[in-house]
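Participant: File follows, structure06.cif with mmCIF, N, CA, C and O atoms:
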```cif
data_protein
loop_
_atom_site.label_atom_id
_atom_site.label_comp_id
_atom_site.auth_asym_id
_atom_site.auth_seq_id
_atom_site.Cartn_x
_atom_site.Cartn_y
_atom_site.Cartn_z
N MET A 739 -7.59 -13.12 1.28
CA MET A 739 -6.95 -12.08 2.07
C MET A 739 -7.98 -11.51 3.03
O MET A 739 -8.91 -10.85 2.60
N THR A 740 -7.85 -11.80 4.28
CA THR A 740 -8.81 -11.30 5.25
C THR A 740 -8.35 -10.02 5.93
O THR A 740 -9.15 -9.18 6.26
N SER A 741 -7.06 -9.89 6.14
CA SER A 741 -6.54 -8.68 6.76
C SER A 741 -5.06 -8.55 6.46
O SER A 741 -4.39 -9.53 6.17
N PRO A 742 -4.54 -7.32 6.51
CA PRO A 742 -3.12 -7.14 6.25
C PRO A 742 -2.27 -7.74 7.37
O PRO A 742 -2.70 -7.85 8.51
N ASN A 743 -1.06 -8.13 7.01
CA ASN A 743 -0.10 -8.65 7.97
C ASN A 743 0.39 -7.50 8.83
O ASN A 743 0.85 -6.48 8.31
N GLU A 744 0.31 -7.65 10.14
CA GLU A 744 0.65 -6.54 11.03
C GLU A 744 2.15 -6.28 11.16
O GLU A 744 2.54 -5.27 11.73
N SER A 745 2.98 -7.17 10.66
CA SER A 745 4.42 -6.98 10.81
C SER A 745 5.09 -6.46 9.54
O SER A 745 6.30 -6.28 9.52
N THR A 746 4.32 -6.20 8.51
CA THR A 746 4.89 -5.73 7.26
C THR A 746 3.98 -4.70 6.62
O THR A 746 2.88 -4.45 7.11
N ILE A 747 4.42 -4.13 5.54
CA ILE A 747 3.60 -3.21 4.76
C ILE A 747 2.75 -4.05 3.81
O ILE A 747 3.24 -5.02 3.22
N THR A 748 1.51 -3.69 3.67
CA THR A 748 0.63 -4.34 2.71
C THR A 748 0.14 -3.29 1.73
O THR A 748 -0.31 -2.22 2.14
N VAL A 749 0.25 -3.61 0.44
CA VAL A 749 -0.21 -2.71 -0.61
C VAL A 749 -1.36 -3.40 -1.34
O VAL A 749 -1.18 -4.48 -1.91
N PHE A 750 -2.53 -2.79 -1.31
CA PHE A 750 -3.67 -3.26 -2.09
C PHE A 750 -3.69 -2.47 -3.38
O PHE A 750 -3.70 -1.22 -3.34
N GLY A 751 -3.67 -3.16 -4.51
CA GLY A 751 -3.65 -2.44 -5.78
C GLY A 751 -4.00 -3.31 -6.95
O GLY A 751 -4.45 -4.45 -6.80
N ALA A 752 -3.78 -2.76 -8.14
CA ALA A 752 -4.03 -3.47 -9.39
C ALA A 752 -2.94 -3.08 -10.38
O ALA A 752 -2.47 -1.94 -10.36
N ASP A 753 -2.58 -4.02 -11.23
CA ASP A 753 -1.49 -3.78 -12.16
C ASP A 753 -1.81 -2.74 -13.23
O ASP A 753 -0.92 -2.20 -13.86
N TRP A 754 -3.09 -2.41 -13.42
CA TRP A 754 -3.48 -1.39 -14.40
C TRP A 754 -3.44 0.02 -13.81
O TRP A 754 -3.59 1.01 -14.52
N CYS A 755 -3.24 0.11 -12.50
CA CYS A 755 -3.29 1.39 -11.78
C CYS A 755 -1.91 2.04 -11.75
O CYS A 755 -0.96 1.50 -11.19
N ARG A 756 -1.80 3.23 -12.35
CA ARG A 756 -0.50 3.91 -12.40
C ARG A 756 0.04 4.27 -11.02
O ARG A 756 1.23 4.18 -10.77
N ASP A 757 -0.84 4.71 -10.12
CA ASP A 757 -0.39 5.03 -8.76
C ASP A 757 0.12 3.79 -8.04
O ASP A 757 1.07 3.86 -7.26
N CYS A 758 -0.52 2.65 -8.30
CA CYS A 758 -0.08 1.39 -7.68
C CYS A 758 1.31 1.01 -8.20
O CYS A 758 2.18 0.63 -7.41
N ILE A 759 1.49 1.13 -9.50
CA ILE A 759 2.78 0.80 -10.12
C ILE A 759 3.87 1.71 -9.54
O ILE A 759 4.96 1.25 -9.19
N ARG A 760 3.56 3.00 -9.41
CA ARG A 760 4.53 3.98 -8.88
C ARG A 760 4.90 3.65 -7.43
O ARG A 760 6.08 3.67 -7.06
N THR A 761 3.91 3.33 -6.61
CA THR A 761 4.17 3.04 -5.20
C THR A 761 4.98 1.75 -5.06
O THR A 761 5.93 1.70 -4.27
N LYS A 762 4.64 0.72 -5.82
CA LYS A 762 5.41 -0.53 -5.77
C LYS A 762 6.85 -0.29 -6.21
O LYS A 762 7.78 -0.80 -5.59
N LYS A 763 7.03 0.51 -7.26
CA LYS A 763 8.38 0.82 -7.75
C LYS A 763 9.18 1.54 -6.68
O LYS A 763 10.35 1.22 -6.45
N GLN A 764 8.56 2.49 -5.99
CA GLN A 764 9.25 3.22 -4.93
C GLN A 764 9.69 2.27 -3.82
O GLN A 764 10.84 2.33 -3.38
N LEU A 765 8.79 1.42 -3.37
CA LEU A 765 9.14 0.47 -2.31
C LEU A 765 10.25 -0.46 -2.76
O LEU A 765 11.18 -0.74 -1.99
N ASP A 766 10.17 -0.93 -4.00
CA ASP A 766 11.22 -1.81 -4.55
C ASP A 766 12.57 -1.10 -4.58
O ASP A 766 13.59 -1.66 -4.17
N GLU A 767 12.58 0.14 -5.06
CA GLU A 767 13.83 0.90 -5.17
C GLU A 767 14.43 1.20 -3.79
O GLU A 767 15.65 1.28 -3.66
N LEU A 768 13.57 1.36 -2.79
CA LEU A 768 14.05 1.62 -1.43
C LEU A 768 14.42 0.33 -0.70
O LEU A 768 14.96 0.38 0.41
N GLY A 769 14.14 -0.81 -1.31
CA GLY A 769 14.47 -2.09 -0.70
C GLY A 769 13.57 -2.43 0.48
O GLY A 769 13.97 -3.18 1.37
N VAL A 770 12.35 -1.90 0.47
CA VAL A 770 11.41 -2.15 1.55
C VAL A 770 10.53 -3.34 1.18
O VAL A 770 9.91 -3.36 0.11
N GLU A 771 10.50 -4.33 2.06
CA GLU A 771 9.66 -5.50 1.81
C GLU A 771 8.20 -5.15 2.06
O GLU A 771 7.88 -4.38 2.97
N TYR A 772 7.33 -5.74 1.25
CA TYR A 772 5.90 -5.50 1.39
C TYR A 772 5.14 -6.68 0.81
O TYR A 772 5.68 -7.46 0.03
N THR A 773 3.91 -6.80 1.21
CA THR A 773 3.01 -7.80 0.66
C THR A 773 2.10 -7.07 -0.32
O THR A 773 1.49 -6.05 0.03
N TYR A 774 2.01 -7.59 -1.54
CA TYR A 774 1.16 -6.98 -2.55
C TYR A 774 -0.09 -7.81 -2.71
O TYR A 774 -0.02 -9.02 -2.93
N VAL A 775 -1.23 -7.17 -2.60
CA VAL A 775 -2.51 -7.84 -2.79
C VAL A 775 -3.10 -7.32 -4.10
O VAL A 775 -3.50 -6.15 -4.20
N ASP A 776 -3.13 -8.20 -5.10
CA ASP A 776 -3.63 -7.86 -6.43
C ASP A 776 -5.16 -7.96 -6.41
O ASP A 776 -5.71 -9.07 -6.31
N LEU A 777 -5.82 -6.83 -6.52
CA LEU A 777 -7.28 -6.82 -6.43
C LEU A 777 -7.95 -7.39 -7.67
O LEU A 777 -9.13 -7.73 -7.61
N VAL A 778 -7.21 -7.55 -8.76
CA VAL A 778 -7.76 -8.22 -9.94
C VAL A 778 -7.76 -9.73 -9.69
O VAL A 778 -8.74 -10.41 -9.96
N ALA A 779 -6.67 -10.24 -9.16
CA ALA A 779 -6.56 -11.68 -8.88
C ALA A 779 -7.43 -12.09 -7.69
O ALA A 779 -7.90 -13.22 -7.62
N ASP A 780 -7.62 -11.17 -6.75
CA ASP A 780 -8.40 -11.46 -5.54
C ASP A 780 -9.43 -10.34 -5.32
O ASP A 780 -9.25 -9.48 -4.46
N PRO A 781 -10.52 -10.34 -6.11
CA PRO A 781 -11.49 -9.26 -6.02
C PRO A 781 -12.11 -9.08 -4.63
O PRO A 781 -12.47 -7.96 -4.26
N SER A 782 -12.21 -10.13 -3.86
CA SER A 782 -12.80 -10.00 -2.53
C SER A 782 -11.92 -9.13 -1.61
O SER A 782 -12.42 -8.56 -0.64
N ALA A 783 -10.64 -9.03 -1.93
CA ALA A 783 -9.73 -8.20 -1.13
C ALA A 783 -10.07 -6.71 -1.27
O ALA A 783 -9.69 -5.91 -0.42
N ALA A 784 -10.80 -6.36 -2.33
CA ALA A 784 -11.22 -4.96 -2.49
C ALA A 784 -12.11 -4.55 -1.33
O ALA A 784 -12.06 -3.40 -0.88
N ASP A 785 -12.90 -5.47 -0.81
CA ASP A 785 -13.74 -5.17 0.36
C ASP A 785 -12.88 -4.89 1.58
O ASP A 785 -13.20 -4.02 2.39
N VAL A 786 -11.78 -5.64 1.72
CA VAL A 786 -10.87 -5.42 2.85
C VAL A 786 -10.23 -4.04 2.72
O VAL A 786 -10.17 -3.29 3.70
N ALA A 787 -9.75 -3.71 1.53
CA ALA A 787 -9.13 -2.40 1.30
C ALA A 787 -10.12 -1.28 1.57
O ALA A 787 -9.77 -0.27 2.20
N LYS A 788 -11.36 -1.44 1.13
CA LYS A 788 -12.39 -0.42 1.37
C LYS A 788 -12.71 -0.29 2.85
O LYS A 788 -12.90 0.80 3.36
N GLU A 789 -12.73 -1.43 3.55
CA GLU A 789 -12.99 -1.40 4.99
C GLU A 789 -11.89 -0.63 5.74
O GLU A 789 -12.16 0.12 6.67
N ILE A 790 -10.66 -0.81 5.29
CA ILE A 790 -9.52 -0.12 5.92
C ILE A 790 -9.57 1.37 5.65
O ILE A 790 -9.41 2.19 6.55
N SER A 791 -9.79 1.72 4.38
CA SER A 791 -9.66 3.13 3.98
C SER A 791 -10.97 3.91 3.95
O SER A 791 -10.93 5.15 3.95
N GLY A 792 -12.07 3.22 3.86
CA GLY A 792 -13.34 3.91 3.72
C GLY A 792 -13.58 4.45 2.32
O GLY A 792 -14.52 5.19 2.08
N ARG A 793 -12.70 4.06 1.40
CA ARG A 793 -12.77 4.55 0.02
C ARG A 793 -12.53 3.40 -0.94
O ARG A 793 -12.07 2.34 -0.55
N THR A 794 -12.82 3.65 -2.22
CA THR A 794 -12.56 2.64 -3.23
C THR A 794 -11.31 2.96 -4.05
O THR A 794 -10.97 2.23 -4.96
N ASN A 795 -10.61 4.04 -3.71
CA ASN A 795 -9.39 4.43 -4.43
C ASN A 795 -8.25 3.49 -4.06
O ASN A 795 -8.19 2.99 -2.94
N ILE A 796 -7.34 3.30 -5.02
CA ILE A 796 -6.15 2.49 -4.77
C ILE A 796 -4.93 3.24 -5.29
O ILE A 796 -5.06 4.11 -6.14
N PRO A 797 -3.74 2.91 -4.80
CA PRO A 797 -3.45 1.87 -3.83
C PRO A 797 -3.82 2.28 -2.40
O PRO A 797 -3.86 3.46 -2.07
N VAL A 798 -4.06 1.27 -1.60
CA VAL A 798 -4.18 1.44 -0.16
C VAL A 798 -2.92 0.82 0.42
O VAL A 798 -2.64 -0.37 0.20
N VAL A 799 -2.12 1.62 1.12
CA VAL A 799 -0.87 1.16 1.71
C VAL A 799 -1.07 1.12 3.23
O VAL A 799 -1.35 2.14 3.84
N VAL A 800 -0.96 -0.09 3.78
CA VAL A 800 -1.15 -0.28 5.22
C VAL A 800 0.22 -0.54 5.84
O VAL A 800 0.95 -1.41 5.39
N TYR A 801 0.53 0.23 6.87
CA TYR A 801 1.83 0.16 7.52
C TYR A 801 1.78 -0.71 8.77
O TYR A 801 0.70 -0.97 9.30
N PRO A 802 2.93 -1.16 9.27
CA PRO A 802 2.97 -2.03 10.45
C PRO A 802 2.32 -1.42 11.69
O PRO A 802 1.90 -2.16 12.57
N ASP A 803 2.22 -0.09 11.75
CA ASP A 803 1.58 0.53 12.92
C ASP A 803 0.06 0.69 12.74
O ASP A 803 -0.59 1.39 13.49
N SER A 804 -0.48 0.02 11.71
CA SER A 804 -1.91 0.01 11.39
C SER A 804 -2.44 1.31 10.79
O SER A 804 -3.64 1.44 10.58
N THR A 805 -1.57 2.26 10.51
CA THR A 805 -2.00 3.45 9.78
C THR A 805 -2.00 3.11 8.29
O THR A 805 -1.48 2.06 7.89
N HIS A 806 -2.59 3.98 7.49
CA HIS A 806 -2.62 3.71 6.06
C HIS A 806 -2.63 5.02 5.27
O HIS A 806 -2.92 6.08 5.80
N HIS A 807 -2.29 4.87 4.00
CA HIS A 807 -2.40 5.95 3.02
C HIS A 807 -3.26 5.43 1.88
O HIS A 807 -3.20 4.24 1.55
N VAL A 808 -4.00 6.33 1.25
CA VAL A 808 -4.74 6.02 0.03
C VAL A 808 -4.20 6.92 -1.07
O VAL A 808 -4.11 8.14 -0.88
N GLU A 809 -3.80 6.34 -2.18
CA GLU A 809 -3.20 7.09 -3.29
C GLU A 809 -2.10 8.04 -2.80
O GLU A 809 -2.12 9.24 -3.10
N PRO A 810 -1.13 7.54 -2.04
CA PRO A 810 -0.13 8.44 -1.47
C PRO A 810 0.87 8.95 -2.50
O PRO A 810 1.19 8.27 -3.46
N ALA A 811 1.33 10.16 -2.26
CA ALA A 811 2.46 10.70 -3.02
C ALA A 811 3.72 9.99 -2.53
O ALA A 811 3.77 9.51 -1.39
N ASN A 812 4.74 9.93 -3.37
CA ASN A 812 6.00 9.31 -2.96
C ASN A 812 6.54 9.94 -1.69
O ASN A 812 7.09 9.25 -0.83
N SER A 813 6.39 11.25 -1.57
CA SER A 813 6.91 11.94 -0.39
C SER A 813 6.18 11.49 0.88
O SER A 813 6.79 11.38 1.95
N ASP A 814 4.89 11.19 0.78
CA ASP A 814 4.12 10.70 1.93
C ASP A 814 4.62 9.32 2.37
O ASP A 814 4.79 9.06 3.55
N VAL A 815 4.84 8.46 1.38
CA VAL A 815 5.33 7.10 1.68
C VAL A 815 6.71 7.19 2.32
O VAL A 815 6.98 6.57 3.35
N GLU A 816 7.59 7.99 1.72
CA GLU A 816 8.95 8.11 2.25
C GLU A 816 8.93 8.66 3.68
O GLU A 816 9.64 8.16 4.56
N SER A 817 8.12 9.65 3.91
CA SER A 817 8.02 10.24 5.25
C SER A 817 7.55 9.19 6.27
O SER A 817 8.11 9.09 7.37
N LYS A 818 6.56 8.40 5.91
CA LYS A 818 6.05 7.38 6.83
C LYS A 818 7.10 6.29 7.06
O LYS A 818 7.27 5.83 8.19
N LEU A 819 7.81 5.90 6.02
CA LEU A 819 8.85 4.88 6.17
C LEU A 819 9.95 5.36 7.10
O LEU A 819 10.47 4.60 7.91
N ARG A 820 10.30 6.64 6.99
CA ARG A 820 11.31 7.21 7.88
C ARG A 820 10.79 7.26 9.33
O ARG A 820 11.51 6.95 10.27
N GLU A 821 9.54 7.65 9.49
CA GLU A 821 8.93 7.70 10.82
C GLU A 821 8.98 6.32 11.50
O GLU A 821 9.20 6.22 12.70
N LEU A 822 8.77 5.28 10.70
CA LEU A 822 8.78 3.91 11.23
C LEU A 822 10.18 3.29 11.24
O LEU A 822 10.32 2.11 11.56
N SER A 823 11.19 4.07 10.87
CA SER A 823 12.58 3.61 10.79
C SER A 823 12.74 2.40 9.87
O SER A 823 13.52 1.50 10.13
N LEU A 824 12.01 2.43 8.75
CA LEU A 824 12.11 1.35 7.77
C LEU A 824 13.09 1.70 6.66
O LEU A 824 13.45 0.82 5.87
N ILE A 825 13.48 2.96 6.59
CA ILE A 825 14.54 3.38 5.66
C ILE A 825 15.46 4.34 6.38
O ILE A 825 15.12 4.87 7.42
#
```
Could you show the structure in this file as structure tokens?
Facilitator:
Amino acid sequence: MTSPNESTITVFGADWCRDCIRTKKQLDELGVEYTYVDLVADPSAADVAKEISGRTNIPVVVYPDSTHHVEPANSDVESKLRELSLI
């Protein structure tokens, strides 16, 4: 994984991370398509996520407009999805 896909949402996370699980569940329930990058399966992708966010916290959610959230609340994700007319 060298960079997120610019036409979709990319979520960098790990299956042991509760915030990652919550964010993936929210996107699934809203029917929003996204690419999930499992940082356990692809440890080098952690460097990409850190480069994007400047932090080591996860999840890092990258939106089609190249903005991102780190450890976002559900309300933040929903607000951004509405702004981008994805829901």
Participant: Here is a test: counting all atoms listed in the file, which residue of A:Leu765, A:Gly751, A:Thr805, A:Cys758 is nearest to Ile790 in chain A?
Facilitator: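 Of all the options, A:Thr805 lies closest to Ile790 in chain A.
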Participant: Between A:Ala752, A:Val799, A:Lys762, A:Thr794, which residue has the minimum interatomic distance to Asp776 in chain A, considering all atoms listed in the file?
Facilitator: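 Result for the nearest residue to Asp776 in chain A: A:Ala752.
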Participant: Between CA of Thr773 in chain A and atom N of Val749 in chain A, measure the distance and give it in Å to one decimal.
Facilitator: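 Spanning CA of Thr773 in chain A to atom N of Val749 in chain A is a straight-line distance of 5.0 Å.
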Participant: What does the distance from CA of Arg793 in chain A to atom N of Ile825 in chain A come to in Å, to one decimal?
Facilitator: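 Computed distance, CA of Arg793 in chain A to atom N of Ile825 in chain A, equals 27.1 Å.
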Participant: Can you check which residues of chain A DSSP gives as helix (DSSP H, G or I) on the backbone and send them as number ranges by chain?
Facilitator: A: 756-768, 783-791, 812-821
Participant: What's the separation between CA of Ser817 in chain A and atom N of Tyr772 in chain A, in Å to one decimal place?
Facilitator: 16.5 Å
Participant: Please enclose the listed atoms of range 804-813 of chain A in an axis-aligned box, pad each side by 5 Å, and write out the centre and the three edge lengths in Å, rounded to one decimal, as lines of an AutoDock Vina configuration file.
Facilitator:
```
center_x = 1.2
center_y = 6.0
center_z = 4.1
size_x = 21.8
size_y = 21.9
size_z = 25.2
```
Participant: Hey, what's within 4.5 Å of range 744-748 of chain A if we count all atoms listed in the file and toss same-chain stuff fewer than 2 positions away? As a list of chain:residue names, please?
Facilitator: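 Here the answer would be A:Pro742, A:Phe750, A:Glu771, A:Tyr772, A:Thr773, A:Val798, A:Val799, A:Val800, A:Tyr801, A:Pro802.
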Participant: Considering only C-alpha atoms, can you say which of A:Arg820, A:Asp814, A:Ile796, A:Val770 comes closest to Ala784 in chain A?
Facilitator: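 Distance minimum relative to Ala784 in chain A lands on A:Ile796.
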Participant: Using only N, CA, C and O atoms for the distances, tell me which of A:Asp803, A:Val775, A:Glu809, A:Glu789 is nearest to Asp757 in chain A.
Facilitator: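 Using only N, CA, C and O atoms, the shortest distance to Asp757 in chain A belongs to A:Glu809.
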Participant: From the options A:Pro797, A:Val778, A:His806, A:Ser813, which residue's atoms come nearest to Asp753 in chain A, counting all atoms listed in the file?
Facilitator: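 Of the candidates, the smallest distance to Asp753 in chain A is held by A:Val778.
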